[in-house]
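Next up, coords06.cif (mmCIF, C-alpha atoms and all ligand atoms):
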data_protein
#
loop_
_atom_site.label_atom_id
_atom_site.label_comp_id
_atom_site.auth_asym_id
_atom_site.auth_seq_id
_atom_site.Cartn_x
_atom_site.Cartn_y
_atom_site.Cartn_z
CA GLY K 1 23.06 76.97 109.26
CA PRO K 2 20.62 76.08 106.51
CA ALA K 3 19.14 72.59 106.42
CA LEU K 4 19.61 70.31 103.43
CA LEU K 5 16.79 69.14 101.20
CA PHE K 6 16.52 65.36 101.11
CA VAL K 7 14.09 63.05 99.42
CA LYS K 8 12.32 60.07 100.92
CA THR K 9 11.58 57.48 98.28
CA SER K 10 9.09 54.77 98.99
CA GLN K 11 8.65 51.63 96.97
CA GLY K 12 6.08 51.70 94.24
CA LYS K 13 5.98 55.46 94.10
CA GLU K 14 7.51 57.42 91.27
CA GLU K 15 8.44 60.53 93.14
CA GLY K 16 9.62 60.66 96.71
CA ARG K 17 8.56 63.26 99.22
CA ARG K 18 11.08 65.98 99.93
CA PHE K 19 12.02 67.18 103.39
CA TYR K 20 14.53 69.37 105.16
CA ALA K 21 16.88 67.98 107.78
CA CYS K 22 20.05 69.05 109.55
CA SER K 23 23.11 69.05 107.32
CA ALA K 24 25.64 68.34 110.03
CA CYS K 25 23.96 65.64 112.11
CA ARG K 26 23.09 62.53 110.23
CA ASP K 27 21.45 61.06 113.30
CA ARG K 28 18.02 62.33 114.30
CA LYS K 29 19.06 61.81 117.92
CA ASP K 30 21.68 64.56 117.63
CA CYS K 31 19.40 67.04 115.92
CA SER K 32 15.68 66.47 115.66
CA PHE K 33 15.03 69.11 113.01
CA PHE K 34 12.66 67.77 110.38
CA GLN K 35 10.31 69.53 108.03
CA TRP K 36 8.46 68.44 104.89
CA GLU K 37 9.25 70.72 101.99
CA ASP K 38 5.59 71.66 101.51
CA GLU K 39 4.77 71.84 105.21
CA LYS K 40 3.34 75.02 106.71
CA VAL K 41 5.13 75.92 109.90
CA SER K 42 3.08 77.71 112.52
CA GLU K 43 4.25 80.88 114.24
CA THR K 44 4.37 79.05 117.54
CA ARG K 45 6.64 76.37 116.16
CA LEU K 46 8.94 78.93 114.59
CA ALA K 47 9.14 80.76 117.90
CA ALA K 48 9.85 77.53 119.74
CA ARG K 49 12.68 76.76 117.31
CA GLU K 50 14.24 80.15 117.81
CA GLU K 51 13.91 79.80 121.55
CA TYR K 52 15.61 76.41 121.35
CA ASN K 53 18.46 77.83 119.28
CA ARG K 54 18.94 80.73 121.68
CA ASN K 55 19.22 78.29 124.56
CA HIS K 56 21.73 76.10 122.78
CA GLN K 57 24.35 78.69 121.93
CA PRO K 58 27.89 78.11 123.21
CA SER K 59 28.44 79.73 126.61
CA PHE K 60 31.04 82.14 125.20
CA THR K 61 31.44 83.79 121.82
CA HIS K 62 34.64 83.38 119.83
CA ARG K 63 35.61 86.95 120.77
CA GLN K 64 35.08 86.23 124.46
CA ASN K 65 37.10 83.05 124.16
CA VAL K 66 40.00 84.95 122.60
CA ASP K 67 39.98 87.42 125.51
CA ARG K 68 39.77 84.58 128.01
CA TYR K 69 42.77 82.93 126.38
CA LYS K 70 44.78 86.15 126.73
CA ASN K 71 44.01 86.16 130.43
CA PHE K 72 44.65 82.47 130.78
CA VAL K 73 48.22 82.62 129.44
CA LEU K 74 49.01 85.38 131.96
CA LEU K 75 48.22 83.01 134.82
CA PRO K 76 51.00 81.19 136.64
CA LEU K 77 51.14 77.50 135.79
CA SER K 78 49.57 76.52 139.10
CA LYS K 79 46.42 78.43 138.24
CA ARG K 80 45.90 77.08 134.76
CA ARG K 81 43.05 74.60 134.78
CA PHE K 82 41.12 72.86 132.07
CA CYS K 83 37.71 71.36 132.83
CA GLN K 84 37.48 67.98 131.16
CA GLU K 85 33.76 67.76 131.55
CA CYS K 86 33.03 71.14 129.98
CA GLN K 87 36.08 70.95 127.68
CA GLN K 88 36.90 74.47 128.69
CA LEU K 89 39.84 76.50 129.93
CA LEU K 90 38.94 77.86 133.36
CA LEU K 91 39.78 81.22 134.86
CA PRO K 92 40.22 81.18 138.67
CA ALA K 93 36.89 82.95 139.26
CA GLU K 94 35.14 80.03 137.57
CA TRP K 95 36.71 77.18 139.54
CA GLU K 96 33.88 77.21 142.02
CA LYS K 97 31.25 76.49 139.37
CA HIS K 98 33.22 73.44 138.17
CA SER K 99 34.24 72.19 141.59
CA ASP K 100 32.67 68.77 141.15
CA HIS K 101 34.03 68.35 137.60
CA GLN K 102 37.17 66.51 136.58
CA PHE K 103 39.89 68.92 135.59
CA LEU K 104 43.53 69.03 134.49
CA CYS K 105 46.00 71.32 136.28
CA ASN K 106 49.23 73.04 135.29
CA ILE K 107 48.30 73.46 131.66
CA THR K 108 51.57 74.22 129.90
CA THR K 109 52.16 76.40 126.85
CA ALA K 110 52.97 73.23 124.93
CA GLN K 111 49.54 71.82 125.82
CA LEU K 112 47.87 75.03 124.71
CA LYS K 113 49.67 74.67 121.41
CA SER K 114 48.29 71.20 120.82
CA PRO K 115 44.60 71.52 121.63
CA SER K 116 43.82 68.33 119.69
CA GLN K 117 45.65 66.44 122.44
CA LEU K 118 43.96 68.35 125.25
CA LEU K 119 40.42 68.09 123.93
CA TYR K 120 38.96 64.63 123.73
CA PRO K 121 38.15 63.55 120.18
CA LEU K 122 34.43 63.76 119.41
CA GLU K 123 34.05 60.26 118.06
CA ASN K 124 30.31 60.35 117.54
CA LYS K 125 30.36 58.62 114.18
CA LYS K 126 27.39 60.35 112.74
CA THR K 127 28.27 63.94 113.59
CA ASN K 128 31.86 64.85 114.28
CA ALA K 129 33.72 61.61 113.64
CA GLN K 130 36.94 63.19 114.78
CA TYR K 131 39.76 60.92 113.75
CA LEU K 132 43.14 62.53 114.26
CA PHE K 133 46.12 62.02 111.98
CA ALA K 134 48.94 59.90 113.29
CA ASP K 135 52.03 62.07 113.66
CA ARG K 136 53.68 60.30 110.74
CA SER K 137 50.86 61.03 108.32
CA CYS K 138 50.53 64.60 109.51
CA LYS K 139 54.26 65.24 109.03
CA PHE K 140 54.12 63.60 105.63
CA LEU K 141 51.27 65.87 104.53
CA LEU K 142 52.96 69.00 105.80
CA ASN K 143 56.34 68.19 104.20
CA LEU K 144 54.61 67.26 100.97
CA LEU K 145 52.82 70.56 100.64
CA ILE K 146 55.92 72.52 101.61
CA ASP K 147 57.96 70.65 98.97
CA LEU K 148 55.24 71.46 96.46
CA GLY K 149 55.84 75.13 97.22
CA PHE K 150 52.67 75.98 99.13
CA ARG K 151 52.87 78.61 101.84
CA ARG K 152 49.23 78.75 102.89
CA VAL K 153 46.92 75.99 103.94
CA LEU K 154 43.16 76.21 104.21
CA SER K 155 42.58 73.45 106.77
CA VAL K 156 38.98 72.30 106.46
CA GLY K 157 38.28 69.79 109.23
CA THR K 158 41.99 69.13 109.78
CA PRO K 159 42.68 70.55 113.27
CA ARG K 160 45.79 68.48 113.77
CA LEU K 161 47.45 69.66 110.56
CA HIS K 162 46.51 73.23 111.48
CA GLU K 163 47.99 72.78 114.91
CA MET K 164 51.24 71.38 113.57
CA ILE K 165 51.59 74.39 111.27
CA GLN K 166 50.69 76.92 113.99
CA SER K 167 53.06 75.43 116.48
CA LYS K 168 55.99 75.26 114.04
CA ALA K 169 55.32 78.84 112.96
CA SER K 170 55.54 80.02 116.56
CA GLN K 171 58.74 78.09 117.24
CA GLU K 172 60.82 78.23 114.08
CA GLU K 173 61.65 81.59 112.65
CA GLU K 174 62.27 80.47 109.05
CA PHE K 175 59.02 78.52 108.96
CA SER K 176 56.73 80.64 106.80
CA VAL K 177 53.63 78.48 106.31
CA ARG K 178 50.30 79.82 107.52
CA SER K 179 47.04 78.03 108.12
CA LEU K 180 43.38 78.90 108.62
CA LEU K 181 41.23 76.25 110.28
CA LEU K 182 37.59 75.85 109.26
CA ASP K 183 35.82 73.36 111.51
CA ILE K 184 32.47 72.77 113.18
CA ASP K 185 34.12 71.98 116.51
CA PHE K 186 33.69 75.24 118.38
CA ARG K 187 35.96 74.13 121.23
CA TYR K 188 38.87 75.25 119.05
CA SER K 189 37.76 78.89 119.38
CA GLN K 190 39.33 78.81 122.84
CA PHE K 191 42.78 78.40 121.36
CA TYR K 192 42.76 80.37 118.12
CA THR K 193 41.96 83.95 117.14
CA GLU K 194 39.36 84.89 114.54
CA ASP K 195 42.17 85.02 111.96
CA GLU K 196 43.21 81.45 112.71
CA PHE K 197 39.89 79.65 113.15
CA CYS K 198 36.42 80.00 111.65
CA HIS K 199 33.47 78.05 113.00
CA TYR K 200 32.27 76.46 109.76
CA ASN K 201 29.93 73.75 108.52
CA MET K 202 31.35 71.98 105.48
CA PHE K 203 28.05 70.33 104.59
CA ASN K 204 26.29 73.59 103.79
CA HIS K 205 29.17 76.07 103.50
CA HIS K 206 27.91 78.01 106.49
CA PHE K 207 30.15 80.42 108.40
CA PHE K 208 28.71 80.73 111.90
CA GLY K 209 30.63 83.99 112.35
CA GLY K 210 28.70 85.61 109.48
CA GLU K 211 30.11 88.11 107.00
CA ALA K 212 33.18 88.91 109.13
CA ALA K 213 34.26 85.25 109.14
CA ARG K 214 33.57 84.94 105.43
CA GLU K 215 35.78 87.97 104.88
CA THR K 216 38.56 86.41 106.97
CA CYS K 217 38.43 83.36 104.75
CA ARG K 218 38.35 85.46 101.58
CA LYS K 219 41.38 87.45 102.71
CA PHE K 220 43.23 84.30 103.52
CA LEU K 221 42.51 82.91 100.06
CA TYR K 222 43.94 86.01 98.39
CA GLU K 223 47.48 85.05 97.42
CA GLU K 224 49.61 87.98 98.44
CA ASN K 225 53.31 88.06 97.47
CA GLY K 226 52.87 84.95 95.36
CA GLU K 227 52.23 82.79 98.45
CA ARG K 228 50.44 79.82 96.92
CA ILE K 229 47.54 78.23 98.75
CA ILE K 230 46.25 74.67 99.03
CA MET K 231 43.11 73.40 100.68
CA VAL K 232 43.39 70.24 102.76
CA THR K 233 40.23 68.57 103.99
CA ASP K 234 39.45 65.36 105.89
CA PRO K 235 35.66 65.21 106.27
CA PRO K 236 33.72 62.64 108.32
CA PHE K 237 33.49 59.54 106.14
CA GLY K 238 29.78 59.15 106.73
CA GLY K 239 29.18 62.52 105.11
CA LEU K 240 27.31 63.02 101.88
CA VAL K 241 29.83 63.45 99.08
CA GLU K 242 27.38 65.59 97.15
CA ALA K 243 26.99 68.11 99.97
CA LEU K 244 30.73 68.22 100.62
CA ALA K 245 31.53 68.69 96.94
CA SER K 246 29.07 71.54 96.68
CA SER K 247 30.73 73.35 99.64
CA PHE K 248 34.23 72.71 98.32
CA LYS K 249 33.23 74.13 94.95
CA LYS K 250 32.05 77.25 96.76
CA LEU K 251 35.39 77.56 98.56
CA MET K 252 37.13 77.09 95.21
CA ALA K 253 34.95 79.81 93.72
CA MET K 254 35.84 82.10 96.61
CA TRP K 255 39.50 81.56 95.74
CA SER K 256 38.91 82.20 92.03
CA GLU K 257 37.13 85.46 92.81
CA THR K 258 40.05 86.82 94.83
CA GLU K 259 41.95 87.34 91.58
CA LYS K 260 40.45 89.95 89.23
CA GLU K 261 42.14 88.41 86.22
CA GLY K 262 41.12 84.96 87.37
CA HIS K 263 43.62 82.16 87.85
CA ASP K 264 43.70 81.20 84.13
CA ASN K 265 40.69 78.99 84.78
CA LYS K 266 42.75 76.90 87.17
CA GLU K 267 41.22 75.21 90.21
CA MET K 268 42.38 75.92 93.73
CA PRO K 269 44.81 73.08 94.57
CA MET K 270 43.23 70.63 96.96
CA PHE K 271 43.85 67.48 98.97
CA TRP K 272 40.62 65.70 99.84
CA ILE K 273 41.35 62.90 102.27
CA PHE K 274 38.73 60.14 102.05
CA PRO K 275 38.41 56.33 101.79
CA TYR K 276 39.29 54.76 98.46
CA PHE K 277 35.83 53.27 97.95
CA PHE K 278 34.46 56.77 97.41
CA GLU K 279 36.72 57.24 94.38
CA SER K 280 33.99 57.15 91.75
CA ARG K 281 31.73 59.44 93.79
CA ILE K 282 34.46 62.03 94.17
CA LEU K 283 35.41 61.83 90.49
CA ASP K 284 31.75 62.37 89.58
CA PHE K 285 31.99 65.81 91.13
CA PHE K 286 35.66 66.55 90.50
CA PRO K 287 36.75 64.91 87.22
CA SER K 288 40.14 66.60 87.49
CA PHE K 289 40.98 64.67 90.67
CA SER K 290 43.01 61.52 90.98
CA MET K 291 43.52 59.17 93.89
CA MET K 292 46.97 58.66 95.39
CA ASP K 293 48.08 55.33 96.86
CA TYR K 294 49.34 56.87 100.12
CA GLN K 295 47.60 55.33 103.13
CA VAL K 296 46.65 57.96 105.69
CA ASP K 297 46.96 56.74 109.27
CA TYR K 298 45.05 57.82 112.36
CA ASP K 299 45.78 57.90 116.07
CA ASN K 300 42.42 57.07 117.60
CA HIS K 301 41.02 54.83 114.93
CA ALA K 302 41.73 51.21 115.77
CA LEU K 303 41.34 50.08 112.20
CA TYR K 304 43.06 52.86 110.37
CA LYS K 305 46.39 52.89 112.10
CA HIS K 306 49.55 50.91 112.18
CA GLY K 307 49.33 48.26 114.83
CA LYS K 308 52.29 47.46 117.03
CA THR K 309 52.52 44.18 115.23
CA GLY K 310 53.20 45.68 111.84
CA ARG K 311 51.27 47.43 109.23
CA ARG K 312 47.53 47.58 109.09
CA GLN K 313 46.07 48.73 105.86
CA SER K 314 44.23 52.02 106.05
CA PRO K 315 41.53 52.56 103.40
CA VAL K 316 42.01 56.32 103.53
CA ARG K 317 43.65 58.06 100.57
CA ILE K 318 44.48 61.50 99.20
CA PHE K 319 42.42 62.78 96.28
CA THR K 320 44.00 65.71 94.47
CA ASN K 321 43.77 67.92 91.42
CA LEU K 322 47.56 68.32 91.31
CA THR K 323 49.55 66.36 88.73
CA PRO K 324 49.96 62.85 90.23
CA SER K 325 53.66 62.63 89.33
CA MET K 326 54.35 65.57 91.65
CA ILE K 327 53.03 63.73 94.69
CA VAL K 328 56.18 61.96 95.86
CA LEU K 329 55.41 59.11 98.27
CA PRO K 330 58.01 57.86 100.78
CA GLU K 331 60.14 55.04 99.41
CA GLU K 332 61.06 53.95 102.93
CA GLU K 333 57.40 53.02 103.40
CA GLY K 334 57.47 50.92 100.26
CA TYR K 335 56.02 53.27 97.69
CA ARG K 336 57.64 53.29 94.24
CA PHE K 337 57.28 55.28 91.04
CA CYS K 338 55.52 53.65 88.10
CA PRO K 339 56.97 55.23 84.96
CA VAL K 340 54.03 54.14 82.82
CA CYS K 341 51.34 55.49 85.15
CA GLN K 342 53.52 58.47 86.05
CA ARG K 343 52.65 58.27 89.71
CA TYR K 344 53.83 56.72 92.96
CA VAL K 345 52.11 53.48 93.89
CA SER K 346 52.19 51.15 96.89
CA SER K 347 54.71 48.32 96.84
CA ALA K 348 52.24 45.53 96.12
CA ASN K 349 50.43 47.49 93.43
CA GLN K 350 51.54 45.75 90.24
CA HIS K 351 51.29 47.36 86.85
CA CYS K 352 48.76 45.31 84.86
CA GLU K 353 49.79 45.01 81.22
CA ILE K 354 46.23 44.40 80.05
CA CYS K 355 44.65 47.32 81.91
CA ASN K 356 47.81 49.31 81.32
CA SER K 357 47.63 50.72 84.80
CA CYS K 358 48.55 50.02 88.41
CA THR K 359 45.11 48.83 89.38
CA SER K 360 45.14 48.02 93.10
CA LYS K 361 43.02 50.32 95.20
CA ASP K 362 43.51 48.79 98.62
CA GLY K 363 47.29 48.25 98.64
CA ARG K 364 47.11 44.50 98.08
CA ARG K 365 48.11 42.88 94.82
CA TRP K 366 45.09 42.61 92.53
CA LYS K 367 44.58 40.05 89.75
CA HIS K 368 43.27 40.48 86.26
CA CYS K 369 40.01 38.77 85.26
CA VAL K 370 39.79 38.24 81.49
CA LEU K 371 36.02 37.75 81.65
CA CYS K 372 35.40 41.00 83.55
CA LYS K 373 38.14 42.67 81.54
CA LYS K 374 39.52 44.34 84.62
CA CYS K 375 41.61 43.77 87.72
CA VAL K 376 39.82 42.66 90.87
CA LYS K 377 40.59 42.11 94.57
CA PRO K 378 42.76 39.06 95.30
CA SER K 379 39.99 37.51 97.41
CA TRP K 380 37.45 37.58 94.59
CA PHE K 381 36.63 34.94 92.03
CA HIS K 382 34.55 34.96 88.89
CA CYS K 383 30.99 33.81 89.42
CA SER K 384 29.44 32.61 86.18
CA ASN K 385 25.97 32.98 87.66
CA CYS K 386 26.38 36.66 88.44
CA ASN K 387 28.64 37.11 85.45
CA CYS K 388 31.12 39.13 87.44
CA CYS K 389 33.84 38.79 90.03
CA THR K 390 32.74 38.82 93.64
CA LEU K 391 33.39 37.28 97.05
CA GLU K 392 33.31 33.49 97.17
CA LYS K 393 30.55 33.67 99.77
CA HIS K 394 27.70 35.57 98.20
CA SER K 395 24.12 35.01 97.29
CA CYS K 396 23.69 35.00 93.54
CA GLU K 397 20.30 36.70 93.52
CA LYS K 398 20.70 40.23 92.32
CA SER K 399 19.18 43.10 94.20
CA ASP K 400 18.58 46.31 92.31
CA VAL K 401 19.64 48.80 94.88
CA GLY K 402 23.31 48.94 95.62
CA CYS K 403 24.97 49.91 98.86
CA PHE K 404 25.15 53.64 99.28
CA VAL K 405 28.83 53.54 100.25
CA CYS K 406 30.46 51.10 97.83
CA GLY K 407 27.72 50.77 95.23
CA LYS K 408 27.64 47.00 95.45
CA ALA K 409 24.47 44.99 95.78
CA GLY K 410 23.51 42.63 98.57
CA HIS K 411 23.92 44.82 101.63
CA LYS K 412 22.99 48.22 102.93
CA ARG K 413 25.22 51.13 103.85
CA SER K 414 25.12 50.23 107.56
CA ALA K 415 26.44 46.73 106.84
CA CYS K 416 28.98 47.76 104.21
CA PRO K 417 32.14 45.65 104.59
CA SER K 418 34.16 48.66 103.45
CA LEU K 419 33.24 50.42 106.66
CA SER K 420 34.14 47.50 108.84
CA CYS K 421 34.80 49.79 111.79
CA THR K 422 31.11 50.27 112.51
N1 LIG K 501 42.41 63.88 110.51
C1 LIG K 501 42.04 65.23 110.85
C2 LIG K 501 40.72 65.26 111.56
C3 LIG K 501 39.61 64.69 110.70
S1 LIG K 501 38.21 64.27 111.64
C4 LIG K 501 43.16 65.82 111.72
O1 LIG K 501 43.83 65.07 112.41
O2 LIG K 501 43.38 67.04 111.69
C5 LIG K 501 36.95 65.26 110.91
C6 LIG K 501 37.02 66.72 111.29
O3 LIG K 501 35.95 67.37 110.65
C7 LIG K 501 36.88 66.97 112.77
O4 LIG K 501 37.79 67.96 113.17
C8 LIG K 501 35.45 67.48 112.92
O5 LIG K 501 35.28 68.38 113.99
C9 LIG K 501 35.24 68.15 111.59
N2 LIG K 501 33.85 68.18 111.18
C10 LIG K 501 32.89 67.23 111.35
N3 LIG K 501 31.73 67.63 110.81
C11 LIG K 501 31.96 68.86 110.28
C12 LIG K 501 31.15 69.80 109.59
N4 LIG K 501 29.87 69.55 109.34
N5 LIG K 501 31.72 70.96 109.19
C13 LIG K 501 33.02 71.22 109.45
N6 LIG K 501 33.83 70.38 110.11
C14 LIG K 501 33.31 69.21 110.50
ZN ZN K 502 33.20 71.98 134.19
ZN ZN K 503 51.56 51.47 86.53
ZN ZN K 504 44.12 44.28 84.77
ZN ZN K 505 35.52 38.30 86.70
#

Transcribe the structure of this file into structure tokens.
Amino acid sequence: GPALLFVKTSQGKEEGRRFYACSACRDRKDCSFFQWEDEKVSETRLAAREEYNRNHQPSFTHRQNVDRYKNFVLLPLSKRRFCQECQQLLLPAEWEKHSDHQFLCNITTAQLKSPSQLLYPLENKKTNAQYLFADRSCKFLLNLLIDLGFRRVLSVGTPRLHEMIQSKASQEEEFSVRSLLLDIDFRYSQFYTEDEFCHYNMFNHHFFGGEAARETCRKFLYEENGERIIMVTDPPFGGLVEALASSFKKLMAMWSETEKEGHDNKEMPMFWIFPYFFESRILDFFPSFSMMDYQVDYDNHALYKHGKTGRRQSPVRIFTNLTPSMIVLPEEEGYRFCPVCQRYVSSANQHCEICNSCTSKDGRRWKHCVLCKKCVKPSWFHCSNCNCCTLEKHSCEKSDVGCFVCGKAGHKRSACPSLSCT
């Protein structure tokens, strides 16, 4: 889809130079597209680009994949193979071509219903960053939105939540929740029909399936029979908040437009799952949102999951435009209700009388600094040189540019302690 317009600022110059680059790949190694805004592109280069794009299309279209799936499920178990190298379901006629590839045999119906287990997670940090919900967190999210009365889920970059909903819907008759998955990972088109999955880029709101896919999404957003809808998204954490917010606003607008009378100027309900240190960035774009204390856990993320030896703290939270008091967090995991703040908070999050709020962001108990007039992390102390609270080990010299991720000075985005996984 369309590239994004960035700006390169160089020191000493007022205005930076603007250029276009790929919206989805933040690493030039994954996509080399680069073009100055004012650059003239020759016919030859345009042709070469188109040629390149033609040669890099997926080997099957979504439609073809749906037909292949229909044939695949008709096969006896012994003939159901999945090529691990090509990440593709194989029909017997294709075995030959993949003969020197690793493959799995006897693919069961259960396996077909949990593609996120069958496919390997694309962990490339800069592009897909596929971190799958731990079962516990996924169940929590699903039960939460059911309790809140939602019957439709727009799953944007949440294949595991989508899969849990799809698989329950096919197994339990009374289960009436439906989900539409929007994701850039085209491998999922092998397992879902065009009404269940749209190939979508959340950084530029691009539907790869064109108008038909857009229409599928629009239809899904239209709340028939009073079936209320919520959007749940869990974007790659390295992604630009600005680009994401702009796409999410477009999805929200799509929802608003489905109702002729409008939805009384309400916003489409949304859960945006993202690390807590992006709170201010998200609130910049969505002032109606608030951050919940619930810690979202992941399966394949060493840092963001519960270790065997007890609880690791995950920095990932739920941001929502629903009334915080409605988001009930599990007491058995230590969350409790703060009557003053009117929301559930983590067990160590103490209500600060001076701030008049439960101030901890990371789940640890924070302390109030009278000089800074706010609560700060327990590991911080007040530095009279810098005139603010900070880590004991720091260099007092101030640098003007803050870290892109946490906004603090002294380090760059790549070395941000908040993203200690990298
Ligand atoms: N926790 C979620 C997965 C989150 S990982 C779950 O378990 O369901 C991030 C997801 O966003 C991945 O599925 C990835 O394929 C998708 N993604 C990454 N970049 C994207 C983009 N530009 N547009 C749409 N989806 C994207
Ligand atoms: Zn293969
Ligand atoms: Zn409180
Ligand atoms: Zn305080
Ligand atoms: Zn202080």

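Closest approach to Phe271 in chain K among K:Cys83, K:Ile327, K:Ala48, K:Leu89: K:Ile327, based on all atoms listed in the file.
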
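Between CA of Lys8 in chain K and CA of Phe203 in chain K lies a distance of 19.1 Å.
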
7 Å from ligand LIG 501 (chain K) is the threshold here; counting all atoms listed in the file, which polymer residues fall inside it? Answer as a ChimeraX atom specification. /K:24,127-133,156-162,182-185,200-203,234-236,298

I need the chosen residues saved as a tab-separated table (two decimals), in the coordinates of the input, with C-alpha atoms.
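The new file out23.tsv reads:
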chain	number	residue	atom	x	y	z
K	24	ALA	CA	25.64	68.34	110.03
K	127	THR	CA	28.27	63.94	113.59
K	128	ASN	CA	31.86	64.85	114.28
K	129	ALA	CA	33.72	61.61	113.64
K	130	GLN	CA	36.94	63.19	114.78
K	131	TYR	CA	39.76	60.92	113.75
K	132	LEU	CA	43.14	62.53	114.26
K	133	PHE	CA	46.12	62.02	111.98
K	156	VAL	CA	38.98	72.30	106.46
K	157	GLY	CA	38.28	69.79	109.23
K	158	THR	CA	41.99	69.13	109.78
K	159	PRO	CA	42.68	70.55	113.27
K	160	ARG	CA	45.79	68.48	113.77
K	161	LEU	CA	47.45	69.66	110.56
K	162	HIS	CA	46.51	73.23	111.48
K	182	LEU	CA	37.59	75.85	109.26
K	183	ASP	CA	35.82	73.36	111.51
K	184	ILE	CA	32.47	72.77	113.18
K	185	ASP	CA	34.12	71.98	116.51
K	200	TYR	CA	32.27	76.46	109.76
K	201	ASN	CA	29.93	73.75	108.52
K	202	MET	CA	31.35	71.98	105.48
K	203	PHE	CA	28.05	70.33	104.59
K	234	ASP	CA	39.45	65.36	105.89
K	235	PRO	CA	35.66	65.21	106.27
K	236	PRO	CA	33.72	62.64	108.32
K	298	TYR	CA	45.05	57.82	112.36

With all atoms listed in the file as the basis for distance, which of K:Cys352, K:Leu329, K:Ile107, K:Cys198 is at the shortest distance from Lys367 in chain K? K:Cys352

Can I get the residues close to ligand ZN 504 (chain K) as JSON, numbers by chain, where close means within 6 Å and we count all atoms listed in the file? {"K": [352, 354, 355, 368, 374, 375]}

Taking (36.1, 80.2, 132.6) in the file's own coordinates, collect the residues within 10 Å, counting only C-alpha atoms, and hand them back as a list in words. Ser59, Phe60, Asn65, Arg68, Tyr69, Phe72, Arg81, Phe82, Cys83, Cys86, Gln88, Leu89, Leu90, Leu91, Pro92, Ala93, Glu94, Trp95, Lys97 and His98 of chain K

Store the residues picked out above, limited to C-alpha atoms, as a short mmCIF file (atom, residue, chain, number, x, y, z; two decimals), in the coordinates of the input.
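Written file, selection26.cif:
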data_model
loop_
_atom_site.label_atom_id
_atom_site.label_comp_id
_atom_site.auth_asym_id
_atom_site.auth_seq_id
_atom_site.Cartn_x
_atom_site.Cartn_y
_atom_site.Cartn_z
CA SER K 59 28.44 79.73 126.61
CA PHE K 60 31.04 82.14 125.20
CA ASN K 65 37.10 83.05 124.16
CA ARG K 68 39.77 84.58 128.01
CA TYR K 69 42.77 82.93 126.38
CA PHE K 72 44.65 82.47 130.78
CA ARG K 81 43.05 74.60 134.78
CA PHE K 82 41.12 72.86 132.07
CA CYS K 83 37.71 71.36 132.83
CA CYS K 86 33.03 71.14 129.98
CA GLN K 88 36.90 74.47 128.69
CA LEU K 89 39.84 76.50 129.93
CA LEU K 90 38.94 77.86 133.36
CA LEU K 91 39.78 81.22 134.86
CA PRO K 92 40.22 81.18 138.67
CA ALA K 93 36.89 82.95 139.26
CA GLU K 94 35.14 80.03 137.57
CA TRP K 95 36.71 77.18 139.54
CA LYS K 97 31.25 76.49 139.37
CA HIS K 98 33.22 73.44 138.17
#

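In terms of minimum interatomic distance to Pro330 in chain K, K:Leu144 ranks closest within K:Val153, K:Cys358, K:Leu144, K:Cys138, counting all atoms listed in the file.
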
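Between CA of Phe34 in chain K and CA of His56 in chain K the interatomic distance comes to 17.5 Å.
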
I'd like the neighbourhood of range 392-394 of chain K as a PDB file with C-alpha atoms, in the frame of the given file, where a residue qualifies if any of its atoms comes within 8 Å (using only C-alpha atoms), though same-chain residues fewer than 3 positions away should be ignored.
ATOM      1  CA  SER K 379      39.990  37.510  97.410  1.00  0.00           C
ATOM      2  CA  TRP K 380      37.450  37.580  94.590  1.00  0.00           C
ATOM      3  CA  PHE K 381      36.630  34.940  92.030  1.00  0.00           C
TER       4      PHE K 381
END
